[in-house]
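For reference, model-v2.cif is printed below; it contains mmCIF, N, CA and C atoms.
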data_data
loop_
_atom_site.label_atom_id
_atom_site.label_comp_id
_atom_site.auth_asym_id
_atom_site.auth_seq_id
_atom_site.Cartn_x
_atom_site.Cartn_y
_atom_site.Cartn_z
N MET I 17 49.58 -21.25 85.01
CA MET I 17 48.71 -21.47 83.89
C MET I 17 48.28 -20.10 83.36
N ARG I 18 48.51 -19.87 82.03
CA ARG I 18 48.13 -18.59 81.42
C ARG I 18 46.70 -18.65 80.92
N GLN I 19 45.97 -17.57 81.11
CA GLN I 19 44.59 -17.49 80.67
C GLN I 19 44.40 -16.25 79.80
N SER I 20 45.33 -16.02 78.89
CA SER I 20 45.26 -14.81 78.09
C SER I 20 44.13 -14.87 77.05
N GLY I 21 43.69 -16.04 76.71
CA GLY I 21 42.64 -16.16 75.71
C GLY I 21 41.24 -15.96 76.25
N LEU I 22 41.10 -15.75 77.54
CA LEU I 22 39.78 -15.60 78.12
C LEU I 22 39.11 -14.29 77.77
N PHE I 23 39.89 -13.23 77.58
CA PHE I 23 39.32 -11.91 77.39
C PHE I 23 39.42 -11.42 75.95
N VAL I 24 39.74 -12.30 75.03
CA VAL I 24 39.82 -11.92 73.62
C VAL I 24 38.41 -11.91 73.04
N GLN I 25 38.07 -10.82 72.38
CA GLN I 25 36.75 -10.75 71.77
C GLN I 25 36.71 -11.63 70.53
N PRO I 26 35.60 -12.34 70.33
CA PRO I 26 35.52 -13.21 69.16
C PRO I 26 35.49 -12.39 67.87
N ARG I 27 36.08 -12.95 66.82
CA ARG I 27 36.08 -12.27 65.53
C ARG I 27 34.69 -12.29 64.92
N ARG I 28 34.42 -11.25 64.16
CA ARG I 28 33.14 -11.18 63.45
C ARG I 28 33.26 -12.04 62.19
N PRO I 29 32.30 -12.92 61.93
CA PRO I 29 32.37 -13.76 60.74
C PRO I 29 32.36 -12.91 59.46
N TRP I 30 33.05 -13.39 58.42
CA TRP I 30 33.16 -12.63 57.18
C TRP I 30 31.81 -12.45 56.51
N ASN I 31 30.87 -13.35 56.73
CA ASN I 31 29.58 -13.26 56.06
C ASN I 31 28.47 -12.77 56.98
N ALA I 32 28.83 -12.11 58.06
CA ALA I 32 27.83 -11.59 58.99
C ALA I 32 27.01 -10.49 58.32
N GLY I 33 25.73 -10.62 58.36
CA GLY I 33 24.84 -9.62 57.78
C GLY I 33 24.60 -9.79 56.30
N ARG I 34 25.23 -10.76 55.66
CA ARG I 34 25.03 -10.98 54.24
C ARG I 34 24.02 -12.09 54.02
N LEU I 35 23.36 -12.03 52.88
CA LEU I 35 22.42 -13.08 52.54
C LEU I 35 23.20 -14.30 52.08
N ILE I 36 22.92 -15.41 52.70
CA ILE I 36 23.59 -16.64 52.32
C ILE I 36 22.53 -17.67 51.92
N GLY I 37 22.97 -18.70 51.29
CA GLY I 37 22.04 -19.74 50.87
C GLY I 37 21.70 -19.60 49.40
N PRO I 38 20.73 -20.38 48.96
CA PRO I 38 20.39 -20.34 47.53
C PRO I 38 19.78 -19.01 47.12
N LYS I 39 20.11 -18.60 45.92
CA LYS I 39 19.57 -17.35 45.39
C LYS I 39 18.20 -17.62 44.77
N SER I 40 17.41 -16.59 44.62
CA SER I 40 16.10 -16.75 44.02
C SER I 40 16.25 -17.06 42.53
N PRO I 41 15.35 -17.86 41.98
CA PRO I 41 15.47 -18.22 40.57
C PRO I 41 15.18 -17.02 39.66
N LEU I 42 15.69 -17.12 38.44
CA LEU I 42 15.44 -16.05 37.47
C LEU I 42 13.97 -16.06 37.08
N LYS I 43 13.43 -14.89 36.88
CA LYS I 43 12.04 -14.76 36.46
C LYS I 43 11.98 -14.89 34.94
N PRO I 44 10.86 -15.41 34.42
CA PRO I 44 10.74 -15.58 32.96
C PRO I 44 10.98 -14.30 32.17
N LYS I 45 10.57 -13.16 32.70
CA LYS I 45 10.78 -11.89 32.01
C LYS I 45 12.27 -11.57 31.90
N LEU I 46 13.02 -11.84 32.95
CA LEU I 46 14.46 -11.60 32.93
C LEU I 46 15.16 -12.57 31.99
N ILE I 47 14.73 -13.82 31.98
CA ILE I 47 15.32 -14.81 31.07
C ILE I 47 15.10 -14.37 29.62
N TRP I 48 13.89 -13.93 29.32
CA TRP I 48 13.57 -13.46 27.97
C TRP I 48 14.45 -12.27 27.61
N ALA I 49 14.65 -11.34 28.54
CA ALA I 49 15.46 -10.15 28.27
C ALA I 49 16.92 -10.51 28.00
N ILE I 50 17.45 -11.45 28.77
CA ILE I 50 18.84 -11.89 28.57
C ILE I 50 18.98 -12.54 27.21
N ARG I 51 18.03 -13.39 26.85
CA ARG I 51 18.08 -14.05 25.54
C ARG I 51 18.02 -13.03 24.41
N GLN I 52 17.17 -12.03 24.54
CA GLN I 52 17.05 -11.02 23.49
C GLN I 52 18.36 -10.22 23.36
N GLN I 53 18.98 -9.89 24.47
CA GLN I 53 20.25 -9.17 24.42
C GLN I 53 21.32 -9.99 23.71
N LEU I 54 21.38 -11.28 24.02
CA LEU I 54 22.37 -12.14 23.39
C LEU I 54 22.08 -12.31 21.90
N LYS I 55 20.80 -12.40 21.54
CA LYS I 55 20.44 -12.54 20.13
C LYS I 55 20.79 -11.29 19.34
N THR I 56 20.46 -10.12 19.87
CA THR I 56 20.73 -8.88 19.14
C THR I 56 22.23 -8.60 19.03
N ALA I 57 23.00 -9.08 20.00
CA ALA I 57 24.45 -8.92 19.95
C ALA I 57 25.11 -10.01 19.12
N ARG I 58 24.30 -10.95 18.62
CA ARG I 58 24.77 -12.08 17.81
C ARG I 58 25.84 -12.90 18.53
N ARG I 59 25.60 -13.13 19.79
CA ARG I 59 26.52 -13.94 20.60
C ARG I 59 25.93 -15.34 20.74
N VAL I 60 26.07 -16.09 19.65
CA VAL I 60 25.43 -17.40 19.53
C VAL I 60 25.97 -18.37 20.58
N ARG I 61 27.28 -18.36 20.77
CA ARG I 61 27.89 -19.29 21.73
C ARG I 61 27.41 -19.02 23.15
N ASP I 62 27.36 -17.73 23.52
CA ASP I 62 26.89 -17.38 24.86
C ASP I 62 25.41 -17.71 25.03
N LEU I 63 24.63 -17.53 23.97
CA LEU I 63 23.22 -17.87 24.02
C LEU I 63 23.04 -19.37 24.21
N ALA I 64 23.85 -20.16 23.51
CA ALA I 64 23.77 -21.61 23.66
C ALA I 64 24.15 -22.04 25.07
N MET I 65 25.19 -21.42 25.62
CA MET I 65 25.60 -21.76 26.99
C MET I 65 24.53 -21.34 28.00
N PHE I 66 23.90 -20.19 27.77
CA PHE I 66 22.84 -19.73 28.66
C PHE I 66 21.66 -20.70 28.63
N ASN I 67 21.27 -21.11 27.44
CA ASN I 67 20.17 -22.07 27.31
C ASN I 67 20.53 -23.40 27.96
N CYS I 68 21.77 -23.82 27.78
CA CYS I 68 22.23 -25.08 28.40
C CYS I 68 22.17 -24.98 29.91
N ALA I 69 22.59 -23.85 30.44
CA ALA I 69 22.57 -23.66 31.90
C ALA I 69 21.14 -23.68 32.43
N LEU I 70 20.23 -23.08 31.69
CA LEU I 70 18.84 -23.08 32.13
C LEU I 70 18.26 -24.49 32.09
N ASP I 71 18.59 -25.21 31.03
CA ASP I 71 18.07 -26.57 30.89
C ASP I 71 18.61 -27.49 31.98
N ALA I 72 19.87 -27.33 32.30
CA ALA I 72 20.51 -28.21 33.28
C ALA I 72 20.40 -27.66 34.70
N LYS I 73 19.86 -26.44 34.83
CA LYS I 73 19.75 -25.78 36.14
C LYS I 73 21.12 -25.65 36.81
N LEU I 74 22.10 -25.26 36.02
CA LEU I 74 23.45 -25.09 36.55
C LEU I 74 23.56 -23.78 37.30
N ARG I 75 24.50 -23.74 38.21
CA ARG I 75 24.82 -22.49 38.87
C ARG I 75 25.83 -21.72 38.03
N ALA I 76 26.00 -20.47 38.30
CA ALA I 76 26.92 -19.64 37.51
C ALA I 76 28.35 -20.14 37.60
N CYS I 77 28.77 -20.59 38.77
CA CYS I 77 30.14 -21.06 38.90
C CYS I 77 30.38 -22.30 38.04
N ASP I 78 29.36 -23.17 37.89
CA ASP I 78 29.50 -24.33 37.03
C ASP I 78 29.61 -23.91 35.57
N LEU I 79 28.84 -22.91 35.19
CA LEU I 79 28.86 -22.44 33.81
C LEU I 79 30.21 -21.82 33.48
N VAL I 80 30.76 -21.03 34.38
CA VAL I 80 32.06 -20.40 34.15
C VAL I 80 33.14 -21.47 34.08
N ARG I 81 33.05 -22.47 34.94
CA ARG I 81 34.03 -23.54 34.94
C ARG I 81 34.01 -24.29 33.61
N SER I 82 32.83 -24.58 33.08
CA SER I 82 32.75 -25.29 31.81
C SER I 82 33.24 -24.42 30.66
N ALA I 83 32.97 -23.11 30.72
CA ALA I 83 33.42 -22.21 29.66
C ALA I 83 34.94 -22.11 29.67
N SER I 84 35.54 -22.01 30.84
CA SER I 84 37.00 -21.91 30.90
C SER I 84 37.64 -23.21 30.45
N ALA I 85 36.99 -24.34 30.72
CA ALA I 85 37.52 -25.62 30.25
C ALA I 85 37.45 -25.69 28.73
N MET I 86 36.38 -25.14 28.14
CA MET I 86 36.27 -25.13 26.68
C MET I 86 37.37 -24.27 26.07
N TRP I 87 37.63 -23.11 26.65
CA TRP I 87 38.67 -22.23 26.13
C TRP I 87 40.04 -22.89 26.24
N LEU I 88 40.27 -23.60 27.33
CA LEU I 88 41.54 -24.26 27.52
C LEU I 88 41.74 -25.35 26.47
N ARG I 89 40.67 -26.13 26.22
CA ARG I 89 40.76 -27.17 25.20
C ARG I 89 40.98 -26.56 23.81
N ALA I 90 40.30 -25.46 23.54
CA ALA I 90 40.46 -24.80 22.24
C ALA I 90 41.88 -24.27 22.06
N ALA I 91 42.46 -23.75 23.13
CA ALA I 91 43.82 -23.24 23.05
C ALA I 91 44.81 -24.37 22.80
N ARG I 92 44.61 -25.49 23.44
CA ARG I 92 45.49 -26.65 23.21
C ARG I 92 45.34 -27.18 21.79
N PHE I 93 44.09 -27.25 21.33
CA PHE I 93 43.81 -27.76 20.01
C PHE I 93 44.42 -26.85 18.95
N GLY I 94 44.32 -25.56 19.15
CA GLY I 94 44.86 -24.60 18.21
C GLY I 94 46.39 -24.64 18.15
N SER I 95 47.03 -24.91 19.28
CA SER I 95 48.50 -24.94 19.30
C SER I 95 49.03 -26.23 18.67
N ASP I 96 48.23 -27.29 18.63
CA ASP I 96 48.68 -28.55 18.03
C ASP I 96 48.69 -28.48 16.50
N GLN I 97 47.89 -27.60 15.92
CA GLN I 97 47.77 -27.55 14.47
C GLN I 97 48.83 -26.70 13.79
N SER I 98 49.62 -25.97 14.53
CA SER I 98 50.60 -25.11 13.90
C SER I 98 51.83 -25.86 13.47
#

Please, can you express the file's structure as structure tokens?
Amino acid sequence: MRQSGLFVQPRRPWNAGRLIGPKSPLKPKLIWAIRQQLKTARRVRDLAMFNCALDAKLRACDLVRSASAMWLRAARFGSDQS
């Protein structure tokens, strides 16, 4: 019977020492600053998505997923009209 696995040191987890779990919510001052930046840059679509995410309390990954789905639909729609 081989017992070669007895003396193998365990691997260090990839997230050892990192902060895990839910992130702290955005502060009202930061939300205001982000909105002002988007307004001055005239990025209406991004501002609407930011407001939607705040209203729905979405996570960033959900917001990116919905944005990429919108771009994909727009690309399909644009290719059908040619």

query: At what distance in Å, to one decimal, does atom CA of Pro29 of chain I lie from atom CA of Leu42 of chain I?
result: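 Atom-to-atom, atom CA of Leu42 of chain I and atom CA of Pro29 of chain I are spaced 28.9 Å apart.
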
Separation of atom N of Ile47 of chain I from atom N of Leu70 of chain I in Å: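 Atom-to-atom, atom N of Leu70 of chain I and atom N of Ile47 of chain I are spaced 10.8 Å apart.
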
- request: Kindly give the distance, in Å, that separates atom N of Ala85 of chain I and atom C of Pro44 of chain I, rounded to a single decimal.
  value: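 Taking atom N of Ala85 of chain I as the start and atom C of Pro44 of chain I as the end point, the length is 27.9 Å.
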